[in-house]
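Engineer: To be precise about what I am sending: the file is called model-v3.txt and holds compact mmCIF, C-alpha atoms and all ligand atoms.
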```
# COMPACT_ATOMS: atom_id res chain seq x y z
CA ASN T 1157 112.97 32.48 9.07
CA SER T 1158 112.30 28.73 8.74
CA ILE T 1159 114.92 26.55 7.05
CA TRP T 1160 112.09 25.01 5.04
CA ALA T 1161 110.77 28.37 3.84
CA ASN T 1162 111.83 27.72 0.25
CA ILE T 1163 110.12 24.38 -0.11
CA LYS T 1164 107.53 24.55 -2.85
CA MET T 1165 104.08 23.03 -2.58
CA GLY T 1166 104.07 19.76 -4.52
CA PRO T 1167 101.27 18.84 -6.92
CA PRO T 1168 98.56 16.59 -5.46
CA ASP T 1169 98.51 12.91 -6.41
CA PRO T 1170 96.14 12.68 -9.41
CA ILE T 1171 94.22 9.70 -8.08
CA LEU T 1172 93.94 10.91 -4.51
CA GLY T 1173 92.75 14.25 -5.93
CA ILE T 1174 89.84 12.47 -7.56
CA ASN T 1175 88.82 10.94 -4.24
CA GLU T 1176 88.88 14.38 -2.59
CA ALA T 1177 86.68 15.90 -5.30
CA PHE T 1178 84.32 12.93 -5.12
CA LYS T 1179 83.93 13.29 -1.34
CA LYS T 1180 83.01 16.96 -1.69
CA ASP T 1181 80.32 16.26 -4.32
CA SER T 1182 76.89 15.92 -2.70
CA HIS T 1183 74.98 14.75 -5.80
CA PRO T 1184 72.98 11.55 -5.05
CA LEU T 1185 74.03 9.80 -8.28
CA LYS T 1186 77.77 10.49 -7.96
CA VAL T 1187 80.09 7.61 -8.94
CA ASN T 1188 83.79 7.17 -8.14
CA LEU T 1189 85.58 5.24 -10.89
CA GLY T 1190 89.03 6.31 -9.70
CA VAL T 1191 89.40 3.94 -6.73
CA GLY T 1192 92.11 1.30 -7.00
CA ALA T 1193 90.53 -1.07 -4.50
CA PHE T 1194 87.79 -3.68 -4.76
CA ARG T 1195 84.25 -2.67 -3.83
CA ASP T 1196 81.23 -4.96 -3.46
CA ASP T 1197 77.97 -4.47 -5.33
CA ASN T 1198 76.95 -1.90 -2.70
CA GLY T 1199 80.12 0.10 -3.31
CA LYS T 1200 81.58 -0.97 0.05
CA PRO T 1201 85.16 -2.15 0.83
CA LYS T 1202 85.41 -5.89 1.36
CA VAL T 1203 87.28 -7.88 3.98
CA LEU T 1204 87.43 -11.51 2.89
CA ASP T 1205 85.91 -14.16 5.20
CA CYS T 1206 89.12 -16.20 4.96
CA VAL T 1207 91.01 -13.18 6.31
CA ARG T 1208 88.58 -12.69 9.23
CA LYS T 1209 88.88 -16.40 10.07
CA ALA T 1210 92.68 -16.28 9.87
CA GLU T 1211 92.70 -13.25 12.18
CA LYS T 1212 90.63 -15.18 14.71
CA ILE T 1213 92.94 -18.20 14.60
CA ILE T 1214 95.98 -15.96 15.01
CA SER T 1215 94.47 -13.99 17.85
CA GLU T 1216 93.64 -17.22 19.73
CA LYS T 1217 97.30 -18.24 19.54
CA ASN T 1218 98.30 -15.24 21.68
CA LEU T 1219 101.51 -14.79 19.71
CA ASP T 1220 104.19 -12.33 20.75
CA LYS T 1221 105.16 -9.20 18.82
CA GLU T 1222 108.90 -9.82 18.59
CA TYR T 1223 110.84 -8.60 15.57
CA ILE T 1224 110.74 -11.00 12.65
CA PRO T 1225 113.82 -11.66 10.46
CA ILE T 1226 115.08 -8.91 8.09
CA VAL T 1227 113.68 -10.81 5.11
CA GLY T 1228 110.39 -11.58 6.83
CA LEU T 1229 108.34 -14.49 8.10
CA PRO T 1230 109.78 -17.74 6.67
CA GLN T 1231 106.42 -19.50 6.45
CA PHE T 1232 104.83 -16.58 4.64
CA ASN T 1233 107.73 -16.36 2.18
CA SER T 1234 107.62 -20.03 1.28
CA GLU T 1235 103.83 -20.05 0.85
CA ALA T 1236 103.93 -16.88 -1.24
CA LEU T 1237 106.57 -18.37 -3.55
CA LYS T 1238 104.54 -21.56 -4.03
CA LEU T 1239 101.55 -19.45 -5.00
CA ALA T 1240 103.51 -17.44 -7.57
CA TYR T 1241 105.84 -20.01 -9.10
CA GLY T 1242 103.65 -23.10 -8.61
CA GLU T 1243 104.00 -26.12 -6.29
CA ASN T 1244 105.98 -28.03 -8.89
CA SER T 1245 108.33 -25.24 -9.92
CA SER T 1246 111.81 -26.63 -10.50
CA ALA T 1247 113.31 -23.32 -9.34
CA LEU T 1248 111.65 -23.87 -5.95
CA LYS T 1249 112.50 -27.57 -5.78
CA GLU T 1250 116.14 -26.73 -6.50
CA ASP T 1251 116.02 -24.06 -3.78
CA ARG T 1252 117.32 -21.29 -6.00
CA VAL T 1253 114.82 -18.48 -5.38
CA ALA T 1254 115.97 -15.65 -3.12
CA VAL T 1255 112.99 -14.03 -1.42
CA THR T 1256 112.19 -11.30 1.04
CA GLN T 1257 108.90 -10.17 2.51
CA THR T 1258 108.17 -6.58 1.47
CA LEU T 1259 105.83 -3.68 2.15
CA SER T 1260 103.33 -4.90 -0.45
CA GLY T 1261 103.99 -4.52 -4.17
CA THR T 1262 105.32 -0.98 -3.96
CA GLY T 1263 107.90 -2.02 -1.36
CA ALA T 1264 108.87 -4.99 -3.53
CA LEU T 1265 109.41 -2.73 -6.54
CA ARG T 1266 111.46 -0.37 -4.41
CA ILE T 1267 113.72 -3.12 -3.02
CA GLY T 1268 113.95 -4.50 -6.56
CA GLY T 1269 114.97 -1.07 -7.84
CA ALA T 1270 117.61 -0.75 -5.12
CA PHE T 1271 118.92 -4.24 -5.96
CA ILE T 1272 119.15 -3.35 -9.67
CA GLU T 1273 120.88 -0.06 -8.91
CA ARG T 1274 123.45 -1.77 -6.69
CA PHE T 1275 124.19 -4.87 -8.76
CA LEU T 1276 123.41 -3.92 -12.37
CA GLY T 1277 124.47 -0.31 -11.97
CA LYS T 1278 122.99 3.19 -11.95
CA ASP T 1279 123.00 3.42 -15.71
CA THR T 1280 120.66 0.46 -16.10
CA THR T 1281 117.63 1.31 -18.20
CA VAL T 1282 114.42 -0.08 -16.81
CA TYR T 1283 111.90 -0.42 -19.62
CA VAL T 1284 108.28 0.03 -18.55
CA PRO T 1285 105.18 -0.32 -20.73
CA GLY T 1286 103.70 2.82 -22.25
CA PRO T 1287 101.56 3.55 -20.36
CA THR T 1288 102.19 1.94 -16.99
CA TRP T 1289 101.11 2.38 -13.38
CA GLY T 1290 102.47 5.88 -12.69
CA ASN T 1291 104.29 4.85 -9.54
CA HIS T 1292 106.59 2.50 -11.50
CA ILE T 1293 108.31 5.53 -13.00
CA SER T 1294 108.60 7.35 -9.66
CA VAL T 1295 109.93 4.27 -7.85
CA PHE T 1296 112.64 3.56 -10.40
CA LYS T 1297 113.64 7.21 -10.68
CA ASP T 1298 113.90 7.48 -6.91
CA CYS T 1299 116.14 4.38 -6.97
CA GLY T 1300 118.49 6.37 -9.22
CA LEU T 1301 117.61 4.36 -12.32
CA GLN T 1302 116.55 5.43 -15.79
CA PRO T 1303 113.01 4.35 -16.64
CA LYS T 1304 112.11 4.39 -20.32
CA GLU T 1305 108.95 3.32 -22.13
CA TYR T 1306 108.53 0.42 -24.52
CA ARG T 1307 105.50 0.50 -26.78
CA TYR T 1308 102.55 -1.36 -25.29
CA TYR T 1309 99.08 0.10 -25.81
CA ASP T 1310 97.68 0.67 -29.26
CA LYS T 1311 95.18 3.55 -29.16
CA LYS T 1312 93.75 2.59 -32.53
CA THR T 1313 92.67 -0.88 -31.44
CA ASN T 1314 92.49 -0.33 -27.65
CA GLY T 1315 94.64 -3.48 -27.61
CA LEU T 1316 98.30 -4.54 -27.49
CA ASP T 1317 100.93 -3.11 -29.85
CA ILE T 1318 102.83 -6.39 -29.94
CA ALA T 1319 104.94 -5.43 -32.96
CA GLY T 1320 106.05 -2.19 -31.30
CA LEU T 1321 106.73 -3.98 -28.02
CA LEU T 1322 108.91 -6.65 -29.64
CA GLU T 1323 110.75 -4.07 -31.71
CA ASP T 1324 111.52 -1.87 -28.68
CA LEU T 1325 112.75 -4.76 -26.54
CA SER T 1326 114.88 -6.15 -29.36
CA SER T 1327 116.57 -2.78 -29.92
CA ALA T 1328 117.10 -2.15 -26.18
CA LYS T 1329 120.64 -2.31 -24.84
CA PRO T 1330 121.46 -5.87 -23.69
CA GLY T 1331 121.46 -6.04 -19.90
CA SER T 1332 118.51 -3.66 -19.61
CA VAL T 1333 115.60 -4.59 -17.36
CA ALA T 1334 112.03 -4.89 -18.69
CA LEU T 1335 109.18 -4.45 -16.26
CA LEU T 1336 106.34 -6.78 -17.27
CA HIS T 1337 102.86 -6.78 -15.73
CA GLY T 1338 102.31 -10.52 -15.17
CA CYS T 1339 98.54 -10.16 -15.55
CA ALA T 1340 95.82 -7.49 -15.50
CA HIS T 1341 97.93 -4.66 -16.87
CA ASN T 1342 97.34 -1.38 -15.01
CA PRO T 1343 96.07 1.02 -16.36
CA THR T 1344 95.02 -0.50 -19.69
CA GLY T 1345 93.53 -3.92 -18.80
CA VAL T 1346 95.30 -5.23 -21.93
CA ASP T 1347 97.36 -8.42 -21.48
CA PRO T 1348 99.44 -10.33 -24.04
CA THR T 1349 98.03 -13.71 -25.09
CA PHE T 1350 100.04 -16.79 -24.11
CA GLU T 1351 101.44 -16.96 -27.66
CA GLN T 1352 102.52 -13.32 -27.39
CA TRP T 1353 104.18 -14.02 -24.02
CA LYS T 1354 106.26 -16.68 -25.81
CA GLN T 1355 107.36 -14.04 -28.31
CA ILE T 1356 108.26 -11.64 -25.50
CA LEU T 1357 110.27 -14.40 -23.79
CA GLU T 1358 112.19 -15.08 -27.02
CA VAL T 1359 113.10 -11.40 -27.43
CA CYS T 1360 114.23 -11.16 -23.79
CA LYS T 1361 116.40 -14.26 -24.19
CA LYS T 1362 117.85 -13.23 -27.52
CA ASN T 1363 118.70 -9.69 -26.45
CA SER T 1364 119.69 -10.49 -22.83
CA ILE T 1365 116.88 -8.40 -21.32
CA ILE T 1366 116.25 -9.11 -17.64
CA PRO T 1367 112.52 -9.51 -16.96
CA PHE T 1368 111.11 -7.93 -13.80
CA PHE T 1369 107.58 -9.24 -13.29
CA ASP T 1370 105.08 -7.17 -11.36
CA VAL T 1371 102.28 -9.49 -10.25
CA ALA T 1372 99.79 -7.41 -8.29
CA TYR T 1373 96.58 -9.20 -9.31
CA GLN T 1374 97.18 -12.98 -9.22
CA GLY T 1375 93.75 -14.65 -9.14
CA PHE T 1376 92.01 -11.32 -9.14
CA ALA T 1377 92.21 -11.08 -12.94
CA SER T 1378 90.77 -14.35 -14.23
CA GLY T 1379 89.57 -15.86 -10.95
CA ASP T 1380 92.22 -18.62 -11.27
CA THR T 1381 95.57 -18.13 -9.51
CA ASN T 1382 97.33 -20.61 -11.82
CA PHE T 1383 96.02 -19.04 -15.00
CA ASP T 1384 97.12 -15.57 -13.88
CA ALA T 1385 100.64 -16.86 -13.16
CA GLN T 1386 101.19 -18.53 -16.51
CA SER T 1387 103.29 -15.70 -17.99
CA LEU T 1388 105.65 -15.70 -15.00
CA ARG T 1389 105.91 -19.50 -14.96
CA LEU T 1390 106.58 -19.64 -18.70
CA PHE T 1391 109.65 -17.46 -18.20
CA VAL T 1392 110.90 -19.23 -15.05
CA ASP T 1393 110.39 -22.71 -16.50
CA SER T 1394 112.37 -21.69 -19.60
CA GLY T 1395 115.38 -21.12 -17.33
CA VAL T 1396 115.73 -17.32 -17.50
CA SER T 1397 116.62 -15.46 -14.34
CA ILE T 1398 113.74 -13.15 -13.50
CA MET T 1399 112.85 -10.80 -10.68
CA LEU T 1400 109.36 -10.71 -9.17
CA SER T 1401 107.33 -8.20 -7.22
CA GLN T 1402 104.28 -9.85 -5.64
CA SER T 1403 101.43 -8.12 -3.84
CA PHE T 1404 98.60 -9.47 -1.66
CA ALA T 1405 96.78 -6.12 -1.58
CA LYS T 1406 94.17 -6.95 -4.20
CA ASN T 1407 93.84 -10.74 -4.26
CA MET T 1408 93.61 -11.06 -0.46
CA GLY T 1409 92.17 -7.60 0.17
CA LEU T 1410 95.12 -6.85 2.50
CA TYR T 1411 95.69 -3.31 1.15
CA GLY T 1412 96.57 -1.53 4.40
CA GLU T 1413 98.38 -4.53 5.88
CA ARG T 1414 101.12 -4.10 3.25
CA VAL T 1415 101.94 -7.72 2.40
CA GLY T 1416 104.15 -8.72 -0.52
CA THR T 1417 107.43 -10.27 -1.60
CA PHE T 1418 110.40 -9.50 -3.81
CA SER T 1419 112.22 -12.49 -5.25
CA VAL T 1420 115.03 -13.26 -7.66
CA VAL T 1421 115.28 -16.60 -9.45
CA CYS T 1422 118.94 -17.62 -9.38
CA ALA T 1423 121.00 -20.16 -11.30
CA SER T 1424 121.84 -22.26 -8.23
CA SER T 1425 121.14 -22.58 -4.54
CA GLU T 1426 124.61 -21.24 -3.77
CA GLU T 1427 123.95 -18.14 -5.88
CA LYS T 1428 120.63 -17.72 -4.08
CA ASP T 1429 122.44 -17.63 -0.72
CA ARG T 1430 124.68 -14.81 -1.94
CA VAL T 1431 121.75 -12.82 -3.37
CA LEU T 1432 119.76 -13.30 -0.16
CA SER T 1433 122.67 -12.03 1.92
CA GLN T 1434 122.58 -8.84 -0.15
CA PHE T 1435 118.82 -8.43 0.35
CA LYS T 1436 119.55 -8.26 4.08
CA ILE T 1437 122.28 -5.67 3.59
CA LEU T 1438 119.92 -3.55 1.45
CA ILE T 1439 116.92 -3.78 3.75
CA ARG T 1440 118.52 -3.41 7.18
CA PRO T 1441 119.32 0.33 6.83
CA ILE T 1442 115.92 1.13 5.30
CA TYR T 1443 113.42 -0.39 7.76
CA SER T 1444 115.30 -3.19 9.63
CA SER T 1445 112.52 -5.75 9.27
CA PRO T 1446 108.96 -5.88 7.93
CA PRO T 1447 105.67 -5.82 9.91
CA VAL T 1448 104.43 -9.16 11.17
CA ASN T 1449 100.64 -9.03 11.23
CA GLY T 1450 99.68 -9.10 7.56
CA ALA T 1451 102.26 -11.77 6.78
CA ARG T 1452 100.80 -13.97 9.54
CA ILE T 1453 97.34 -13.56 8.03
CA ALA T 1454 98.48 -14.38 4.49
CA ALA T 1455 100.55 -17.35 5.72
CA GLU T 1456 97.52 -18.74 7.56
CA VAL T 1457 95.24 -18.30 4.55
CA LEU T 1458 97.76 -19.90 2.20
CA SER T 1459 98.76 -22.83 4.43
CA ASN T 1460 95.48 -23.78 6.15
CA PRO T 1461 93.72 -26.08 3.62
CA GLU T 1462 90.23 -25.00 4.67
CA LEU T 1463 91.02 -21.27 4.53
CA ASN T 1464 92.91 -21.71 1.28
CA LYS T 1465 89.87 -23.30 -0.32
CA LEU T 1466 87.68 -20.48 0.95
CA TRP T 1467 90.15 -17.89 -0.34
CA LEU T 1468 90.17 -19.37 -3.84
CA THR T 1469 86.36 -19.17 -3.89
CA GLU T 1470 86.39 -15.60 -2.64
CA VAL T 1471 89.07 -14.42 -5.06
CA LYS T 1472 87.08 -15.97 -7.89
CA GLY T 1473 83.99 -14.18 -6.58
CA MET T 1474 85.77 -10.83 -6.80
CA ALA T 1475 87.05 -11.56 -10.32
CA ASP T 1476 83.60 -12.71 -11.42
CA ARG T 1477 81.96 -9.54 -10.14
CA ILE T 1478 84.41 -7.44 -12.14
CA ILE T 1479 83.98 -9.58 -15.25
CA SER T 1480 80.18 -9.39 -15.04
CA MET T 1481 80.31 -5.58 -14.66
CA ARG T 1482 82.36 -5.43 -17.87
CA SER T 1483 79.66 -7.36 -19.74
CA LEU T 1484 76.84 -5.29 -18.27
CA LEU T 1485 78.52 -1.96 -19.03
CA ARG T 1486 79.21 -3.00 -22.63
CA LYS T 1487 75.67 -4.36 -23.06
CA HIS T 1488 74.05 -1.15 -21.79
CA LEU T 1489 76.22 0.99 -24.08
CA GLU T 1490 75.69 -1.09 -27.20
CA GLU T 1491 72.17 -2.48 -26.80
CA ASP T 1492 70.30 0.00 -24.61
CA CYS T 1493 72.01 3.29 -25.48
CA LYS T 1494 72.61 2.13 -29.07
CA SER T 1495 76.05 3.76 -29.09
CA SER T 1496 77.53 3.76 -32.58
CA LEU T 1497 81.02 3.18 -31.13
CA SER T 1498 82.51 -0.24 -30.46
CA TRP T 1499 82.85 -1.05 -26.76
CA LYS T 1500 84.24 -4.54 -27.32
CA HIS T 1501 87.50 -3.58 -25.60
CA ILE T 1502 85.62 -3.33 -22.28
CA THR T 1503 85.10 -7.10 -22.28
CA ASP T 1504 88.41 -7.90 -24.01
CA GLN T 1505 90.36 -6.19 -21.26
CA ILE T 1506 90.98 -7.86 -17.90
CA GLY T 1507 91.50 -6.99 -14.24
CA MET T 1508 90.47 -4.07 -12.13
CA PHE T 1509 90.97 -1.38 -14.76
CA CYS T 1510 89.55 -0.56 -18.13
CA PHE T 1511 90.93 1.93 -20.61
CA THR T 1512 87.70 3.28 -22.05
CA GLY T 1513 89.12 5.41 -24.86
CA ILE T 1514 87.12 8.39 -23.50
CA SER T 1515 88.93 11.67 -24.21
CA PRO T 1516 90.17 14.02 -21.45
CA GLU T 1517 87.52 16.60 -22.44
CA ALA T 1518 84.78 13.99 -22.15
CA VAL T 1519 86.21 12.96 -18.75
CA ASP T 1520 85.81 16.58 -17.62
CA ARG T 1521 82.18 16.58 -18.80
CA LEU T 1522 81.53 13.33 -16.92
CA LYS T 1523 82.68 15.03 -13.75
CA ASP T 1524 80.99 18.40 -14.27
CA GLU T 1525 77.67 17.28 -15.74
CA PHE T 1526 77.22 13.72 -14.51
CA HIS T 1527 79.20 13.58 -11.22
CA ILE T 1528 81.23 10.61 -12.46
CA TYR T 1529 84.90 10.69 -11.46
CA LEU T 1530 87.82 9.05 -13.34
CA THR T 1531 91.40 9.87 -14.32
CA ARG T 1532 91.85 12.08 -17.40
CA ASN T 1533 93.47 9.22 -19.33
CA GLY T 1534 90.04 7.60 -19.51
CA ARG T 1535 90.90 4.80 -17.10
CA ILE T 1536 88.03 3.48 -15.00
CA SER T 1537 88.15 1.13 -12.04
CA MET T 1538 85.64 -1.60 -12.78
CA ALA T 1539 85.29 -2.06 -9.02
CA GLY T 1540 83.44 1.27 -8.86
CA ILE T 1541 80.65 -0.11 -11.05
CA THR T 1542 77.67 -1.90 -9.48
CA THR T 1543 74.39 -3.36 -10.72
CA LYS T 1544 72.79 -0.19 -9.31
CA ASN T 1545 74.88 2.43 -11.12
CA VAL T 1546 75.90 0.63 -14.34
CA ARG T 1547 72.97 1.95 -16.36
CA TYR T 1548 73.60 5.53 -15.25
CA VAL T 1549 77.33 5.17 -16.03
CA ALA T 1550 76.58 3.73 -19.50
CA GLU T 1551 74.07 6.48 -20.31
CA SER T 1552 76.55 9.15 -19.19
CA PHE T 1553 79.41 7.60 -21.21
CA HIS T 1554 77.08 7.54 -24.22
CA GLU T 1555 76.12 11.21 -23.75
CA VAL T 1556 79.75 12.40 -23.73
CA THR T 1557 80.90 10.19 -26.63
CA LYS T 1558 77.99 10.80 -29.05
N1 LIG P 1601 101.85 -2.77 -9.34
C1 LIG P 1601 100.72 -2.48 -9.96
C2 LIG P 1601 100.63 -2.69 -11.43
C3 LIG P 1601 99.63 -2.00 -9.25
O1 LIG P 1601 98.50 -1.71 -9.90
C4 LIG P 1601 99.75 -1.81 -7.87
C5 LIG P 1601 98.59 -1.28 -7.07
N2 LIG P 1601 97.88 -0.25 -7.58
C6 LIG P 1601 100.96 -2.15 -7.26
C7 LIG P 1601 101.98 -2.63 -8.02
C8 LIG P 1601 101.29 -2.02 -5.81
O2 LIG P 1601 100.31 -1.91 -4.89
P1 LIG P 1601 100.58 -2.25 -3.39
O3 LIG P 1601 101.82 -1.52 -2.98
O4 LIG P 1601 99.37 -1.77 -2.68
O5 LIG P 1601 100.75 -3.73 -3.31
```
Go ahead and render the structure in this file as structure tokens.
Structural biologist:
Amino acid sequence: NSIWANIKMGPPDPILGINEAFKKDSHPLKVNLGVGAFRDDNGKPKVLDCVRKAEKIISEKNLDKEYIPIVGLPQFNSEALKLAYGENSSALKEDRVAVTQTLSGTGALRIGGAFIERFLGKDTTVYVPGPTWGNHISVFKDCGLQPKEYRYYDKKTNGLDIAGLLEDLSSAKPGSVALLHGCAHNPTGVDPTFEQWKQILEVCKKNSIIPFFDVAYQGFASGDTNFDAQSLRLFVDSGVSIMLSQSFAKNMGLYGERVGTFSVVCASSEEKDRVLSQFKILIRPIYSSPPVNGARIAAEVLSNPELNKLWLTEVKGMADRIISMRSLLRKHLEEDCKSSLSWKHITDQIGMFCFTGISPEAVDRLKDEFHIYLTRNGRISMAGITTKNVRYVAESFHEVTK
């Protein structure tokens, strides 16, 4: 009798389940709108030219494979911080940002969760937007914290419920953490305007809420890395102490390399040293030190002026493809299919994902009758749409929403 005999079969991951079903479908017109990774206009994964060039430069250096420090590659960390906070950030100039390299954004959230649990306490409520990327809830729960939703998405307008958001954060217990998607909110594609970010900042300050920014799409959302960082920089420049999870999965296409950072903006350089010492104590018993390869690639792309220029062009190219697919999809629905519904939210929303407003029943019909795959909450990955399938997708959406 095995000691594991009583372990129950866990439910499959909803998104990975979609990929499985898609693979099994042999229909020639099938479309996968569940994927959370960029695809080119032929539906193929993309490795950026700047990344290939960086890999070549690195390989020619014949570097060793020694362990890197517990908190990661110093050059990568400093370049990553400059990208997020800005070259002229006073927090960086004053050397008061504690940073560690992490296993992409998920790893950053997990180290962040462990840091919160240890230094703010187990009872800390972490407010997350309703809805949010599903893994946020799992990560914080597994860190022993209490995630709770603040109002975010307004089903009636397919936009932001700013009044509900401000109300929930102003009635939250002081000392709670609020997870904020810095740009390109996943899964809704709905971001606050800059004016609304100022309101959110005021509520956080007034009610002593600690902002935890998740920036997984810097540059990938608007095509401009500075524009996509403006929410984060607004908070940091106002002097509040924030935490940040940063990922290079999407904007550098380094998904499987697992490259990211977790950082905490401190009040002084001396405080930063103490926080950093605790990062090391947290990380050492989990994985000792992070992998070196992806961080070398990102450091090369960020620090080599020629590669950096190329990267900014390529990241804008990815954003532009997504933005143009939004316009095309909306145009086909409204002008060619003559849908009586409004599809304005498709172009109002930003980033990889779009909350279509399509009902779960209609999602099932899309799969069964049209071989189009998406999550039952009506979220589509814009990266799955191409100039070749956009008309078919629009016609199918129209059929199930008539
Ligand atoms: N946060 C958000 C909002 C995301 O959408 C993602 C990726 N789907 C992540 C974090 C983390 O991704 P990764 O661990 O691949 O960087």
Engineer: Rounded to one decimal in Å, what is the spacing between atom CA of Asn1449 of chain T and atom CA of Val1415 of chain T?
Structural biologist: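 Those two atoms sit 9.0 Å apart.
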Engineer: Check the smallest atom-to-atom distance from each of T:Gly1261, T:Gly1450, T:Gly1345, T:Gly1540 to ligand LIG 1601 (chain P) using all atoms listed in the file, then report the winner.
Structural biologist: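 Smallest distance to ligand LIG 1601 (chain P) is found for T:Gly1261.
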Engineer: Can you work out which residues are within 10 Å of ligand LIG 1601 (chain P), considering all atoms listed in the file, and then hand them over as a PyMOL selection string?
Structural biologist: chain T and resi 1191-1193+1258-1266+1288-1292+1335-1343+1369-1373+1401-1407+1409-1417+1507-1509
Engineer: Considering all atoms listed in the file, can you say which of T:Val1546, T:Ala1385, T:Leu1458, T:Val1255 comes closest to Cys1422 of chain T?
Structural biologist: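 Among the listed residues, the smallest separation from Cys1422 of chain T belongs to T:Val1255.
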Engineer: To one decimal place, how far is atom CA of Asp1429 of chain T from atom CA of Arg1252 of chain T in Å?
Structural biologist: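 Separation of atom CA of Asp1429 of chain T and atom CA of Arg1252 of chain T: 8.2 Å.
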Engineer: Near Lys1558 of chain T, counting all atoms listed in the file, which residues have an atom at most 9 Å away, once you skip same-chain residues fewer than 3 positions from it, shown as an NGL selection string?
Structural biologist: :T and (1495-1497 or 1553-1555)
Engineer: Which neighbours of Cys1206 of chain T fall inside 12 Å, counting all atoms listed in the file, when residues of the same chain fewer than 4 positions from it are skipped, and could you give them as a short mmCIF file (atom, residue, chain, number, x, y, z; two decimals) with C-alpha atoms, in the coordinates of the input?
Structural biologist:
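And here is the file that came out, selection.cif:
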```
data_model
loop_
_atom_site.label_atom_id
_atom_site.label_comp_id
_atom_site.auth_asym_id
_atom_site.auth_seq_id
_atom_site.Cartn_x
_atom_site.Cartn_y
_atom_site.Cartn_z
CA LYS T 1202 85.41 -5.89 1.36
CA ALA T 1210 92.68 -16.28 9.87
CA GLU T 1211 92.70 -13.25 12.18
CA LYS T 1212 90.63 -15.18 14.71
CA ILE T 1213 92.94 -18.20 14.60
CA ASN T 1407 93.84 -10.74 -4.26
CA MET T 1408 93.61 -11.06 -0.46
CA GLY T 1409 92.17 -7.60 0.17
CA LEU T 1410 95.12 -6.85 2.50
CA ILE T 1453 97.34 -13.56 8.03
CA ALA T 1454 98.48 -14.38 4.49
CA ALA T 1455 100.55 -17.35 5.72
CA GLU T 1456 97.52 -18.74 7.56
CA VAL T 1457 95.24 -18.30 4.55
CA LEU T 1458 97.76 -19.90 2.20
CA SER T 1459 98.76 -22.83 4.43
CA ASN T 1460 95.48 -23.78 6.15
CA PRO T 1461 93.72 -26.08 3.62
CA GLU T 1462 90.23 -25.00 4.67
CA LEU T 1463 91.02 -21.27 4.53
CA ASN T 1464 92.91 -21.71 1.28
CA LYS T 1465 89.87 -23.30 -0.32
CA LEU T 1466 87.68 -20.48 0.95
CA TRP T 1467 90.15 -17.89 -0.34
CA LEU T 1468 90.17 -19.37 -3.84
CA THR T 1469 86.36 -19.17 -3.89
CA GLU T 1470 86.39 -15.60 -2.64
CA VAL T 1471 89.07 -14.42 -5.06
#
```
Engineer: Could you check how far atom CA of Tyr1241 of chain T sits from atom CA of Val1420 of chain T, in Å to one decimal?
Structural biologist: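 Interatomic distance, atom CA of Tyr1241 of chain T to atom CA of Val1420 of chain T: 11.5 Å.
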Engineer: Pick the closest to Lys1179 of chain T from T:Ala1270, T:Leu1489, T:Ile1528, T:Met1474: which is it, counting all atoms listed in the file?
Structural biologist: T:Ile1528
Engineer: I'd like the contact shell of Pro1184 of chain T - 12 Å cut-off, only C-alpha atoms, skipping same-chain residues fewer than 2 positions apart - returned as number ranges by chain.
Structural biologist: T: 1178-1182, 1186-1187, 1526-1528, 1545, 1548
Engineer: Pick from T:Leu1390, T:Phe1368, T:Gln1434, T:Gly1375: nearest to Phe1350 of chain T, with only C-alpha atoms counted?
Structural biologist: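 Going through T:Leu1390, T:Phe1368, T:Gln1434, T:Gly1375 one by one, the smallest distance to Phe1350 of chain T is for T:Leu1390.
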Engineer: Would you pick out the contacts of segment 1440-1442 of chain T at 9 Å or less, using only C-alpha atoms, so that residues sharing its chain but fewer than 4 positions from it are not included, and give the list as a VMD selection string?
Structural biologist: chain T and resid 1226 1435 to 1436
Engineer: For the residues in the current selection, export C-alpha atoms as an mmCIF file, keeping the file's coordinate frame.
Structural biologist:
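Full text of again.cif as output:
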```cif
data_model
loop_
_atom_site.group_PDB
_atom_site.id
_atom_site.type_symbol
_atom_site.label_atom_id
_atom_site.label_comp_id
_atom_site.auth_asym_id
_atom_site.auth_seq_id
_atom_site.Cartn_x
_atom_site.Cartn_y
_atom_site.Cartn_z
ATOM 1 C CA ILE T 1226 115.080 -8.910 8.090
ATOM 2 C CA PHE T 1435 118.820 -8.430 0.350
ATOM 3 C CA LYS T 1436 119.550 -8.260 4.080
#
```
Engineer: Quick one: segment 1547-1552 of chain T with N, CA and C atoms, as a PDB file, keeping the file's coordinate frame?
Structural biologist:
```
ATOM      1  N   ARG T1547      73.785   1.336 -15.303  1.00  0.00           N
ATOM      2  CA  ARG T1547      72.970   1.950 -16.360  1.00  0.00           C
ATOM      3  C   ARG T1547      73.260   3.452 -16.443  1.00  0.00           C
ATOM      4  N   TYR T1548      73.313   4.092 -15.284  1.00  0.00           N
ATOM      5  CA  TYR T1548      73.600   5.530 -15.250  1.00  0.00           C
ATOM      6  C   TYR T1548      74.986   5.823 -15.840  1.00  0.00           C
ATOM      7  N   VAL T1549      75.970   4.976 -15.508  1.00  0.00           N
ATOM      8  CA  VAL T1549      77.330   5.170 -16.030  1.00  0.00           C
ATOM      9  C   VAL T1549      77.315   5.011 -17.557  1.00  0.00           C
ATOM     10  N   ALA T1550      76.631   3.977 -18.044  1.00  0.00           N
ATOM     11  CA  ALA T1550      76.580   3.730 -19.500  1.00  0.00           C
ATOM     12  C   ALA T1550      75.913   4.910 -20.205  1.00  0.00           C
ATOM     13  N   GLU T1551      74.783   5.362 -19.673  1.00  0.00           N
ATOM     14  CA  GLU T1551      74.070   6.480 -20.310  1.00  0.00           C
ATOM     15  C   GLU T1551      74.944   7.740 -20.333  1.00  0.00           C
ATOM     16  N   SER T1552      75.686   7.958 -19.249  1.00  0.00           N
ATOM     17  CA  SER T1552      76.550   9.150 -19.190  1.00  0.00           C
ATOM     18  C   SER T1552      77.705   9.019 -20.176  1.00  0.00           C
TER      19      SER T1552
END
```
